[in-house]
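What's in input_10.txt: compact mmCIF, C-alpha atoms and all ligand atoms
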# COMPACT_ATOMS: atom_id res chain seq x y z
CA MET A 1 -23.06 6.12 142.64
CA ALA A 2 -26.37 7.46 141.45
CA ARG A 3 -29.36 7.61 143.74
CA ILE A 4 -32.32 5.74 142.27
CA ILE A 5 -35.73 7.36 142.73
CA VAL A 6 -38.93 5.57 141.74
CA ILE A 7 -42.10 7.53 141.01
CA THR A 8 -44.86 5.11 141.89
CA SER A 9 -48.52 4.98 142.93
CA GLY A 10 -50.39 1.76 142.33
CA LYS A 11 -53.36 3.55 140.83
CA GLY A 12 -53.10 4.81 137.26
CA GLY A 13 -53.43 8.33 135.98
CA VAL A 14 -52.55 10.08 139.21
CA GLY A 15 -49.62 12.10 137.84
CA LYS A 16 -46.54 9.85 137.95
CA THR A 17 -45.23 10.73 134.51
CA THR A 18 -45.94 14.42 135.06
CA THR A 19 -43.96 14.14 138.30
CA ALA A 20 -41.08 12.13 136.80
CA ALA A 21 -40.67 14.76 134.09
CA ALA A 22 -40.80 17.63 136.59
CA LEU A 23 -38.45 16.04 139.09
CA SER A 24 -35.84 15.03 136.55
CA MET A 25 -35.89 18.44 134.91
CA GLY A 26 -35.75 20.17 138.31
CA LEU A 27 -32.77 18.11 139.46
CA ALA A 28 -30.95 18.64 136.18
CA GLN A 29 -31.55 22.39 136.32
CA ARG A 30 -29.85 22.40 139.68
CA GLY A 31 -26.81 20.91 138.02
CA LYS A 32 -27.40 17.29 138.96
CA ARG A 33 -26.56 14.77 136.25
CA THR A 34 -29.93 13.11 135.83
CA VAL A 35 -31.43 10.37 133.70
CA VAL A 36 -35.14 9.62 133.64
CA ILE A 37 -36.26 6.14 132.55
CA ASP A 38 -39.69 5.20 131.24
CA PHE A 39 -40.66 1.82 132.73
CA ASP A 40 -44.11 1.99 131.17
CA VAL A 41 -43.21 -0.48 128.44
CA GLY A 42 -45.96 -0.78 125.85
CA LEU A 43 -47.44 2.65 126.52
CA ARG A 44 -44.45 4.99 126.33
CA ASN A 45 -45.62 8.41 127.47
CA LEU A 46 -42.62 9.98 129.12
CA ASP A 47 -40.98 11.01 125.83
CA LEU A 48 -44.18 12.86 124.91
CA ILE A 49 -44.27 14.74 128.19
CA MET A 50 -40.56 15.53 127.80
CA GLY A 51 -41.13 16.61 124.20
CA CYS A 52 -38.50 14.30 122.69
CA GLU A 53 -40.77 11.72 121.03
CA ARG A 54 -39.40 12.42 117.55
CA ARG A 55 -35.85 11.73 118.62
CA VAL A 56 -36.48 8.22 119.92
CA VAL A 57 -34.42 5.69 117.98
CA TYR A 58 -33.59 2.96 120.47
CA ASP A 59 -35.24 2.27 123.79
CA PHE A 60 -34.76 0.71 127.22
CA ILE A 61 -35.65 -2.78 126.00
CA ASN A 62 -33.18 -2.53 123.11
CA VAL A 63 -30.48 -1.77 125.66
CA ILE A 64 -31.57 -4.61 127.94
CA ASN A 65 -31.47 -7.01 124.99
CA GLY A 66 -28.08 -5.75 123.82
CA GLU A 67 -29.53 -4.47 120.52
CA ALA A 68 -28.23 -0.99 121.24
CA ASN A 69 -25.84 0.51 123.74
CA LEU A 70 -26.78 3.13 126.27
CA ASN A 71 -25.22 6.01 124.35
CA GLN A 72 -27.35 5.17 121.34
CA ALA A 73 -30.56 5.05 123.33
CA LEU A 74 -30.16 7.98 125.72
CA ILE A 75 -31.68 11.24 124.47
CA ARG A 76 -30.09 14.43 125.71
CA ASP A 77 -32.61 17.10 126.65
CA LYS A 78 -32.40 20.17 124.41
CA ARG A 79 -33.20 22.58 127.24
CA CYS A 80 -30.88 21.21 129.87
CA ASP A 81 -27.47 19.66 129.31
CA SER A 82 -27.39 17.45 132.34
CA LEU A 83 -30.69 15.69 131.62
CA TYR A 84 -31.11 12.48 129.61
CA VAL A 85 -34.20 10.45 128.78
CA LEU A 86 -34.25 6.68 128.31
CA PRO A 87 -37.54 5.99 126.54
CA ALA A 88 -39.68 2.86 126.81
CA SER A 89 -40.48 0.55 123.95
CA GLN A 90 -43.92 0.82 122.45
CA THR A 91 -43.96 -2.56 120.82
CA ARG A 92 -42.86 -4.97 123.52
CA ASP A 93 -44.65 -5.98 126.64
CA LYS A 94 -43.59 -5.50 130.22
CA ASP A 95 -42.16 -9.01 130.57
CA ALA A 96 -39.27 -7.84 128.41
CA LEU A 97 -38.05 -6.09 131.57
CA SER A 98 -35.89 -8.77 133.14
CA LYS A 99 -34.56 -8.15 136.61
CA GLU A 100 -31.00 -8.89 135.49
CA GLY A 101 -31.37 -6.60 132.49
CA VAL A 102 -32.74 -3.73 134.55
CA GLU A 103 -30.02 -4.21 137.13
CA ARG A 104 -27.29 -4.13 134.50
CA VAL A 105 -28.61 -0.93 132.87
CA LEU A 106 -29.02 0.81 136.24
CA GLY A 107 -25.53 -0.30 137.18
CA ASP A 108 -24.06 1.11 133.96
CA LEU A 109 -25.87 4.43 134.45
CA SER A 110 -24.96 4.63 138.09
CA ASP A 111 -21.34 5.64 137.47
CA ASN A 112 -22.19 8.61 135.28
CA TYR A 113 -25.22 10.15 136.93
CA ASP A 114 -26.22 11.64 140.26
CA PHE A 115 -29.87 10.66 139.99
CA ILE A 116 -31.80 7.98 138.12
CA VAL A 117 -35.53 8.72 138.08
CA CYS A 118 -37.75 5.71 137.28
CA ASP A 119 -41.24 6.46 135.97
CA SER A 120 -43.31 3.45 137.04
CA PRO A 121 -46.30 2.10 135.16
CA ALA A 122 -49.61 1.85 137.04
CA GLY A 123 -50.54 -1.30 138.89
CA ILE A 124 -48.68 -3.61 141.23
CA GLU A 125 -47.50 -6.13 138.66
CA HIS A 126 -44.22 -6.88 136.93
CA GLY A 127 -43.57 -3.48 135.34
CA ALA A 128 -44.25 -1.59 138.56
CA ASN A 129 -42.20 -4.10 140.51
CA MET A 130 -39.21 -3.70 138.20
CA ALA A 131 -39.44 0.10 138.48
CA MET A 132 -39.33 0.01 142.28
CA TYR A 133 -37.12 -3.02 142.90
CA PHE A 134 -33.73 -1.26 142.90
CA ALA A 135 -34.92 2.07 144.32
CA ASP A 136 -33.23 4.01 147.08
CA ASP A 137 -36.07 6.52 147.36
CA ALA A 138 -39.75 6.28 146.43
CA ILE A 139 -42.07 9.15 145.71
CA VAL A 140 -45.60 7.86 146.14
CA VAL A 141 -47.86 9.99 143.98
CA THR A 142 -51.35 10.15 145.42
CA ASN A 143 -54.58 11.97 144.61
CA PRO A 144 -56.89 13.03 147.45
CA GLU A 145 -59.35 10.31 146.63
CA VAL A 146 -60.25 6.99 148.29
CA SER A 147 -58.97 4.50 145.71
CA SER A 148 -55.73 6.37 145.13
CA VAL A 149 -54.89 6.56 148.84
CA ARG A 150 -55.70 2.89 149.26
CA ASP A 151 -53.49 1.89 146.35
CA SER A 152 -50.68 4.05 147.67
CA ASP A 153 -50.88 2.18 150.94
CA ARG A 154 -50.65 -1.13 149.09
CA MET A 155 -47.66 0.15 147.19
CA LEU A 156 -46.02 1.04 150.51
CA GLY A 157 -46.52 -2.56 151.57
CA ILE A 158 -44.78 -3.73 148.41
CA LEU A 159 -41.89 -1.28 148.80
CA SER A 160 -41.26 -2.53 152.30
CA SER A 161 -41.47 -6.22 151.48
CA ARG A 162 -40.55 -6.89 147.86
CA SER A 163 -37.84 -4.39 147.00
CA LYS A 164 -34.18 -5.29 146.85
CA ARG A 165 -33.56 -3.30 150.01
CA ALA A 166 -36.29 -5.24 151.80
CA GLU A 167 -35.22 -8.64 150.50
CA GLU A 168 -31.61 -8.08 151.48
CA SER A 169 -32.50 -6.45 154.81
CA LEU A 170 -30.68 -3.25 153.87
CA GLU A 171 -31.71 0.18 155.06
CA PRO A 172 -35.31 0.54 153.84
CA ILE A 173 -36.33 2.66 150.86
CA ARG A 174 -36.98 6.28 151.86
CA GLU A 175 -40.63 6.89 151.14
CA TYR A 176 -42.15 10.27 150.38
CA LEU A 177 -45.71 11.37 149.73
CA LEU A 178 -46.54 13.69 146.87
CA LEU A 179 -50.18 14.73 146.83
CA THR A 180 -51.26 15.88 143.37
CA ARG A 181 -54.40 17.24 141.70
CA TYR A 182 -55.23 18.92 145.00
CA ASP A 183 -58.17 21.30 144.89
CA PRO A 184 -57.95 23.58 147.95
CA MET A 185 -61.42 25.00 147.28
CA ARG A 186 -63.04 21.59 147.38
CA VAL A 187 -61.03 20.70 150.46
CA ALA A 188 -62.26 23.87 152.17
CA ASN A 189 -65.80 22.85 151.26
CA GLY A 190 -65.31 19.45 152.82
CA GLU A 191 -65.73 17.72 149.47
CA MET A 192 -62.20 16.42 149.15
CA LEU A 193 -59.77 14.69 151.51
CA SER A 194 -57.34 17.21 152.94
CA VAL A 195 -53.59 16.84 153.03
CA ASP A 196 -53.90 16.18 156.78
CA ASP A 197 -56.46 13.43 156.19
CA VAL A 198 -54.16 11.68 153.74
CA GLN A 199 -51.14 12.16 155.98
CA GLU A 200 -53.03 10.69 158.91
CA ILE A 201 -53.65 7.53 156.93
CA LEU A 202 -50.34 7.10 155.13
CA SER A 203 -48.05 8.87 157.61
CA LEU A 204 -45.22 9.56 155.17
CA LYS A 205 -42.88 12.49 154.86
CA LEU A 206 -44.77 15.03 152.74
CA LEU A 207 -42.64 16.08 149.80
CA GLY A 208 -45.20 18.38 148.24
CA VAL A 209 -48.75 19.23 147.31
CA VAL A 210 -49.38 19.96 143.64
CA PRO A 211 -52.66 21.70 142.95
CA GLU A 212 -55.08 20.70 140.21
CA SER A 213 -53.91 23.00 137.47
CA LYS A 214 -54.60 23.89 133.86
CA ALA A 215 -50.88 24.36 133.45
CA VAL A 216 -50.32 20.58 133.49
CA LEU A 217 -52.37 19.94 130.36
CA ASN A 218 -50.84 22.99 128.68
CA ALA A 219 -47.39 21.68 129.42
CA SER A 220 -48.17 18.19 128.16
CA ASN A 221 -49.71 19.62 124.99
CA ALA A 222 -46.43 21.36 124.29
CA GLY A 223 -44.05 18.64 125.48
CA ILE A 224 -42.56 20.90 128.16
CA PRO A 225 -42.26 19.59 131.73
CA VAL A 226 -44.59 21.77 133.80
CA ILE A 227 -41.78 22.71 136.18
CA LEU A 228 -40.46 24.97 133.40
CA ASP A 229 -43.69 27.01 133.55
CA ARG A 230 -42.51 29.12 136.45
CA GLU A 231 -45.55 31.37 136.39
CA SER A 232 -47.88 28.48 137.08
CA ASP A 233 -48.99 27.15 140.44
CA ALA A 234 -48.17 23.54 139.49
CA GLY A 235 -44.76 24.56 138.15
CA GLN A 236 -43.94 26.35 141.39
CA ALA A 237 -45.23 23.48 143.50
CA TYR A 238 -42.97 21.07 141.60
CA GLY A 239 -40.07 23.48 142.02
CA ASP A 240 -40.65 23.47 145.77
CA MET A 241 -40.83 19.69 145.72
CA VAL A 242 -37.39 19.41 144.12
CA SER A 243 -35.91 21.80 146.69
CA ARG A 244 -37.43 19.80 149.52
CA TYR A 245 -36.14 16.57 148.04
CA LEU A 246 -32.66 18.07 148.02
CA GLY A 247 -33.04 18.98 151.68
CA ASP A 248 -34.23 22.59 151.68
CA ASP A 249 -36.87 23.54 154.19
CA VAL A 250 -39.52 25.10 151.99
CA PRO A 251 -42.98 25.90 153.36
CA HIS A 252 -45.92 24.27 151.56
CA ARG A 253 -47.99 26.48 149.29
CA PHE A 254 -51.30 26.12 147.46
CA LEU A 255 -52.95 24.41 150.41
CA HIS A 256 -55.69 26.97 150.83
CA PRO A 257 -58.11 28.58 148.37
CA GLU A 258 -56.86 31.78 146.80
CA LYS A 259 -58.16 34.98 148.26
CA LYS A 260 -61.42 35.48 146.50
CA GLY A 261 -62.79 38.58 144.77
CA LEU A 262 -64.72 41.42 146.35
CA LEU A 263 -68.10 39.90 145.55
CA SER A 264 -67.61 36.74 147.52
CA ARG A 265 -66.04 38.58 150.41
CA ILE A 266 -69.16 40.73 150.70
CA PHE A 267 -71.36 37.67 150.71
CA LYS A 268 -69.22 35.87 153.22
CA GLY A 269 -69.47 38.93 155.48
CA MET B 1 -69.24 30.76 138.99
CA GLY B 2 -72.76 32.02 139.58
CA LEU B 3 -74.13 33.85 142.53
CA LEU B 4 -75.70 30.74 143.96
CA ASP B 5 -72.39 28.95 143.84
CA TYR B 6 -70.89 31.63 146.01
CA PHE B 7 -73.44 30.85 148.67
CA ALA B 8 -72.98 27.13 148.22
CA SER B 9 -69.20 27.28 148.45
CA SER B 10 -69.21 29.47 151.51
CA ARG B 11 -71.04 26.79 153.41
CA PRO B 12 -68.42 24.90 155.36
CA LYS B 13 -68.24 21.11 155.25
CA GLY B 14 -70.92 20.70 152.61
CA GLY B 15 -69.26 17.61 151.17
CA ASN B 16 -68.58 14.14 152.40
CA ALA B 17 -64.81 14.08 152.70
CA THR B 18 -65.25 12.89 156.28
CA LEU B 19 -67.07 9.83 155.02
CA ALA B 20 -64.23 9.16 152.59
CA LYS B 21 -61.71 9.38 155.39
CA GLU B 22 -63.65 7.03 157.65
CA ARG B 23 -64.04 4.45 154.89
CA LEU B 24 -60.36 4.71 154.08
CA GLN B 25 -59.28 4.18 157.66
CA ILE B 26 -61.25 0.93 157.82
CA LEU B 27 -60.13 -0.22 154.39
CA VAL B 28 -56.47 0.46 154.98
CA ALA B 29 -56.55 -1.19 158.41
CA HIS B 30 -57.98 -4.35 156.79
CA ASP B 31 -55.42 -4.31 153.99
CA ARG B 32 -52.58 -3.96 156.45
CA VAL B 33 -53.72 -6.84 158.62
CA ALA B 34 -53.99 -9.04 155.55
CA ARG B 35 -50.55 -8.21 154.19
CA ASP B 36 -48.71 -8.30 157.50
CA LYS B 37 -49.83 -11.84 158.18
CA PRO B 38 -46.90 -14.22 158.28
CA SER B 39 -46.94 -16.52 155.27
CA TYR B 40 -46.72 -19.65 157.43
CA LEU B 41 -50.25 -19.24 158.78
CA PRO B 42 -52.11 -21.57 156.38
CA GLN B 43 -49.54 -24.34 156.89
CA LEU B 44 -49.63 -23.85 160.64
CA GLN B 45 -53.40 -24.19 160.52
CA GLN B 46 -53.17 -27.43 158.49
CA GLU B 47 -50.63 -29.00 160.80
CA ILE B 48 -52.52 -28.14 163.96
CA LEU B 49 -55.63 -29.59 162.41
CA ALA B 50 -53.76 -32.80 161.63
CA VAL B 51 -52.50 -33.07 165.21
CA ILE B 52 -55.95 -32.51 166.68
CA ARG B 53 -57.40 -35.09 164.34
CA LYS B 54 -55.10 -37.73 165.76
CA TYR B 55 -57.10 -37.52 168.94
CA VAL B 56 -60.48 -36.05 168.11
CA GLU B 57 -62.75 -36.16 165.07
CA VAL B 58 -63.12 -32.53 164.08
CA ASP B 59 -64.25 -30.69 160.95
CA MET B 60 -61.93 -29.00 158.50
CA ASP B 61 -62.93 -25.59 159.81
CA ALA B 62 -62.64 -26.52 163.48
CA VAL B 63 -59.31 -24.77 163.73
CA SER B 64 -59.00 -21.09 163.05
CA VAL B 65 -55.84 -19.09 163.29
CA THR B 66 -55.94 -15.31 163.42
CA TYR B 67 -53.09 -12.95 163.54
CA GLU B 68 -53.21 -9.34 164.62
CA GLN B 69 -50.60 -6.69 164.90
CA GLU B 70 -51.00 -4.34 167.82
CA GLU B 71 -48.86 -1.32 168.56
CA SER B 72 -45.99 -3.10 170.24
CA HIS B 73 -46.69 -6.82 169.83
CA GLU B 74 -48.37 -9.42 167.67
CA VAL B 75 -51.24 -11.60 168.76
CA LEU B 76 -51.58 -15.09 167.36
CA GLU B 77 -54.97 -16.46 168.29
CA LEU B 78 -55.80 -20.15 167.96
CA ASN B 79 -59.38 -21.19 168.14
CA ILE B 80 -60.27 -24.87 168.23
CA ILE B 81 -63.85 -25.99 168.32
CA LEU B 82 -64.24 -29.50 169.71
CA PRO B 83 -67.37 -31.50 169.00
CA GLU B 84 -69.76 -31.88 171.95
CA SER B 85 -68.94 -35.53 172.47
CA ALA B 86 -65.19 -34.91 172.48
CA SER B 87 -64.79 -34.79 176.26
CA THR B 88 -66.53 -38.15 176.72
CA SER B 89 -64.76 -40.02 173.93
CA GLY B 90 -61.54 -39.57 175.98
CA ALA B 91 -58.24 -40.84 174.59
N1 LIG C 1 -51.73 18.65 138.98
C1 LIG C 1 -52.49 18.32 137.93
N2 LIG C 1 -53.49 19.13 137.52
C2 LIG C 1 -54.25 18.80 136.46
N3 LIG C 1 -54.09 17.69 135.72
C3 LIG C 1 -53.12 16.84 136.08
C4 LIG C 1 -52.27 17.09 137.19
N4 LIG C 1 -51.39 16.06 137.28
C5 LIG C 1 -51.66 15.22 136.29
N5 LIG C 1 -52.70 15.67 135.54
C6 LIG C 1 -53.31 15.02 134.37
O1 LIG C 1 -53.66 13.72 134.71
C7 LIG C 1 -53.45 12.82 133.63
C8 LIG C 1 -52.53 11.70 134.07
O2 LIG C 1 -51.24 12.22 134.37
P1 LIG C 1 -49.93 11.34 134.21
O3 LIG C 1 -49.84 10.78 132.85
O4 LIG C 1 -48.78 12.13 134.73
O5 LIG C 1 -50.31 10.18 135.24
P2 LIG C 1 -49.63 8.75 135.42
O6 LIG C 1 -49.76 8.43 136.85
O7 LIG C 1 -48.28 8.75 134.82
O8 LIG C 1 -50.58 7.82 134.55
P3 LIG C 1 -50.31 6.27 134.19
O9 LIG C 1 -50.63 5.51 135.43
O10 LIG C 1 -51.27 6.00 133.08
O11 LIG C 1 -48.88 6.17 133.79
C9 LIG C 1 -52.85 13.66 132.51
O12 LIG C 1 -53.88 13.99 131.61
C10 LIG C 1 -52.32 14.89 133.21
O13 LIG C 1 -52.36 16.00 132.36
MG MG C 2 -47.36 7.41 133.41

Please render this file's structure as structure tokens.
Amino acid sequence: MARIIVITSGKGGVGKTTTAAALSMGLAQRGKRTVVIDFDVGLRNLDLIMGCERRVVYDFINVINGEANLNQALIRDKRCDSLYVLPASQTRDKDALSKEGVERVLGDLSDNYDFIVCDSPAGIEHGANMAMYFADDAIVVTNPEVSSVRDSDRMLGILSSRSKRAEESLEPIREYLLLTRYDPMRVANGEMLSVDDVQEILSLKLLGVVPESKAVLNASNAGIPVILDRESDAGQAYGDMVSRYLGDDVPHRFLHPEKKGLLSRIFKG
Amino acid sequence: MGLLDYFASSRPKGGNATLAKERLQILVAHDRVARDKPSYLPQLQQEILAVIRKYVEVDMDAVSVTYEQEESHEVLELNIILPESASTSGA
């Protein structure tokens, strides 16, 4: 039985797809059989971030509609044997995601994988609901910014009332906070909400803090999940996140501004 | 980063993150109250209004029902405004 993880947020553009790519690659690198599914039907970005866009033949909707079988649609990652990508369709709309269809595909995958990572579209409508409905775990991706935190809180309300686990009164979805695009310098200057501020409001288990980083754009330019850039701060932060998700006790990094150069130290006295 | 920026950035708490946090706390508290309301509230309000109207002529908005979740319990508050003549019209 695979564990189903949804990467969700409510607000758009906060780093869900970046996170889905990093998490799935990180799990697969640790030997876990992992499949990552793009629920962002109509936009289809995950394959770009994973760097497999030219190998897409069939997609999630084709499988749901019985136009292709799973083996035809799944794309094996070239860098890591135990990772597969199920891309979204670019031509359909989100209503093509039927609950029964999604359930059947997840059920079929469940026997052959350890983890199913669902990259949710933005918003709190049908597509986002389908991505979270069957989840066991939710990673709520949040930026240290008012509207993002608010939308994350709304999403928490939805997870705890409209998911399968909620509707069937099963053990609730395990919810984790991932704070991304964190700028420790601006936090130190009092310009940006701190990780403690956000935690105080959302009170979730903190899975990680990913700093605002040039490495993320670099990685997406090249189609390489940023977690593979081990030199980079964001890559390391995502690596830590995966370890924590798997139960390791890893201290948080990148929470404070880097030690500054001589000049600023002189001025600071 | 210029020299001036070094001075600027060494000043603690120059920004308004505190304001953001305060606004968020209020916003999120409101959202939570709204979504934790039981879905039967509007119907409850309608039915109570109907019952009251059997005995007293009251306006549509004479009955208000509020619901609040405190730490350990929920408070359901019913507020009924009777017209001034209500007590004299006696049923
Ligand atoms: N830690 C980071 N540092 C810098 N840029 C980032 C970081 N995380 C994400 N970004 C950038 O933010 C943008 C949005 O990221 P991403 O596509 O992962 O978000 P999303 O939540 O999936 O968006 P959508 O809601 O549209 O699906 C991208 O341009 C990405 O490069
Ligand atoms: Mg996305």

Using all atoms listed in the file, which protein or nucleic acid residues are at most 6 Å from ligand MG 2 (chain C), as a list in words?
->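 Checked against 6 Å with all atoms listed in the file; the hits are Lys16, Thr17 and Pro121 of chain A.
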
Protein/DNA/RNA residues near (-45.0, -3.0, 126.7), cut 10 Å, all atoms listed in the file, as a CSV table (one decimal) with C-alpha atoms, in the frame of the given file:
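Wrote it out as out16.csv, contents follow:
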chain,number,residue,atom,x,y,z
A,39,PHE,CA,-40.7,1.8,132.7
A,40,ASP,CA,-44.1,2.0,131.2
A,41,VAL,CA,-43.2,-0.5,128.4
A,42,GLY,CA,-46.0,-0.8,125.8
A,43,LEU,CA,-47.4,2.6,126.5
A,44,ARG,CA,-44.4,5.0,126.3
A,61,ILE,CA,-35.6,-2.8,126.0
A,88,ALA,CA,-39.7,2.9,126.8
A,89,SER,CA,-40.5,0.6,124.0
A,90,GLN,CA,-43.9,0.8,122.4
A,91,THR,CA,-44.0,-2.6,120.8
A,92,ARG,CA,-42.9,-5.0,123.5
A,93,ASP,CA,-44.6,-6.0,126.6
A,94,LYS,CA,-43.6,-5.5,130.2
A,95,ASP,CA,-42.2,-9.0,130.6
A,96,ALA,CA,-39.3,-7.8,128.4
A,97,LEU,CA,-38.0,-6.1,131.6
A,121,PRO,CA,-46.3,2.1,135.2
A,127,GLY,CA,-43.6,-3.5,135.3

Could you check which of B:Lys37, B:Glu47, B:Gly15, B:Lys54 is closest to Val75 (chain B), using only C-alpha atoms?
->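 Once distances to Val75 (chain B) are computed over only C-alpha atoms, the minimum belongs to B:Lys37.
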
Please, which residues have at least one atom within 6 Å of an atom of ligand LIG 1 (chain C), using only C-alpha atoms and all ligand atoms, listed as a PDB file with C-alpha atoms, in the frame of the given file?
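Below you can see pocket_16.pdb, which holds the result:
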ATOM      1  CA  GLY A  12     -53.100   4.810 137.260  1.00  0.00           C
ATOM      2  CA  GLY A  13     -53.430   8.330 135.980  1.00  0.00           C
ATOM      3  CA  VAL A  14     -52.550  10.080 139.210  1.00  0.00           C
ATOM      4  CA  GLY A  15     -49.620  12.100 137.840  1.00  0.00           C
ATOM      5  CA  LYS A  16     -46.540   9.850 137.950  1.00  0.00           C
ATOM      6  CA  THR A  17     -45.230  10.730 134.510  1.00  0.00           C
ATOM      7  CA  THR A  18     -45.940  14.420 135.060  1.00  0.00           C
ATOM      8  CA  PRO A 121     -46.300   2.100 135.160  1.00  0.00           C
ATOM      9  CA  ALA A 122     -49.610   1.850 137.040  1.00  0.00           C
ATOM     10  CA  THR A 180     -51.260  15.880 143.370  1.00  0.00           C
ATOM     11  CA  ARG A 181     -54.400  17.240 141.700  1.00  0.00           C
ATOM     12  CA  VAL A 210     -49.380  19.960 143.640  1.00  0.00           C
ATOM     13  CA  PRO A 211     -52.660  21.700 142.950  1.00  0.00           C
ATOM     14  CA  GLU A 212     -55.080  20.700 140.210  1.00  0.00           C
ATOM     15  CA  SER A 213     -53.910  23.000 137.470  1.00  0.00           C
ATOM     16  CA  LYS A 214     -54.600  23.890 133.860  1.00  0.00           C
ATOM     17  CA  VAL A 216     -50.320  20.580 133.490  1.00  0.00           C
ATOM     18  CA  LEU A 217     -52.370  19.940 130.360  1.00  0.00           C
TER      19      LEU A 217
END

Give as a short mmCIF file (atom, residue, chain, number, x, y, z; two decimals) with C-alpha atoms, keeping the file's coordinate frame every residue of chain A that touches chain B within 6 Å, counting only C-alpha atoms.
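Output below, filename out16.cif:
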data_model
loop_
_atom_site.label_atom_id
_atom_site.label_comp_id
_atom_site.auth_asym_id
_atom_site.auth_seq_id
_atom_site.Cartn_x
_atom_site.Cartn_y
_atom_site.Cartn_z
CA ASN A 189 -65.80 22.85 151.26
CA GLY A 190 -65.31 19.45 152.82
CA GLU A 191 -65.73 17.72 149.47
CA MET A 192 -62.20 16.42 149.15
CA LEU A 193 -59.77 14.69 151.51
#

Would you kindly return, as a ChimeraX atom specification, each protein, DNA or RNA residue with an atom no farther than 8 Å from any atom of region 56-63 of chain B, considering all atoms listed in the file and excluding same-chain residues fewer than 3 positions away?
-> /B:45,48-49,52-53,78-83,86

Could you check which of A:Leu159, A:Ile5, A:Lys11, A:Ser24 is closest to Asp81 (chain A), using only C-alpha atoms?
->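 Smallest distance to Asp81 (chain A) is found for A:Ser24.
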
What would the list of residues within 9 Å of (-43.5, 12.3, 149.9) (file frame) look like as an MDAnalysis selection string, if all atoms listed in the file are what count?
-> chainID A and resid 138:141 175:179 204:208 241 245

Within 10 Å of Gly123 (chain A), counting all atoms listed in the file, which residues show up once you throw out same-chain ones fewer than 5 positions away? Write them as number ranges by chain, please.
-> A: 8-12, 128-129, 151, 155

Print the selection's residues with C-alpha atoms to a file, as a PDB file, in the frame of the given file.
ATOM      1  CA  THR A   8     -44.860   5.110 141.890  1.00  0.00           C
ATOM      2  CA  SER A   9     -48.520   4.980 142.930  1.00  0.00           C
ATOM      3  CA  GLY A  10     -50.390   1.760 142.330  1.00  0.00           C
ATOM      4  CA  LYS A  11     -53.360   3.550 140.830  1.00  0.00           C
ATOM      5  CA  GLY A  12     -53.100   4.810 137.260  1.00  0.00           C
ATOM      6  CA  ALA A 128     -44.250  -1.590 138.560  1.00  0.00           C
ATOM      7  CA  ASN A 129     -42.200  -4.100 140.510  1.00  0.00           C
ATOM      8  CA  ASP A 151     -53.490   1.890 146.350  1.00  0.00           C
ATOM      9  CA  MET A 155     -47.660   0.150 147.190  1.00  0.00           C
TER      10      MET A 155
END

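The spacing separating CA of Arg33 (chain A) from CA of Asp77 (chain A) amounts to 11.6 Å.
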
What is the distance, in Å and to one decimal place, between CA of Ile64 (chain A) and CA of Gly101 (chain A)?
->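 Interatomic distance, CA of Ile64 (chain A) to CA of Gly101 (chain A): 5.0 Å.
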
Contacts between region 65-69 of chain B and region 24-44 of chain B, please, where a residue of region 24-44 of chain B counts if it comes within 9 Å (with all atoms listed in the file); show its shortest atom pair and distance in Å to one decimal, rows by chain and ascending number, as a Markdown table.
| residue | atom | partner | partner_atom | distance |
| --- | --- | --- | --- | --- |
| B:Val33 | CA | B:Glu68 | CA | 6.5 |
| B:Ala34 | CA | B:Tyr67 | CA | 8.9 |
| B:Asp36 | CA | B:Gln69 | CA | 7.8 |
| B:Lys37 | CA | B:Tyr67 | CA | 6.4 |
| B:Pro38 | CA | B:Tyr67 | CA | 8.2 |
| B:Leu41 | CA | B:Val65 | CA | 7.2 |
| B:Pro42 | CA | B:Val65 | CA | 8.2 |
| B:Leu44 | CA | B:Val65 | CA | 8.3 |

What is the distance between CA of Tyr182 (chain A) and CA of Met130 (chain A), in Å to one decimal?
->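 Going from CA of Tyr182 (chain A) over to CA of Met130 (chain A) covers 28.5 Å.
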
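Near Ile4 (chain A), within 6 Å and counting all atoms listed in the file, sit Phe115, Ile116, Ala135 and Asp136 of chain A, not including residues fewer than 3 positions from it in the same chain.
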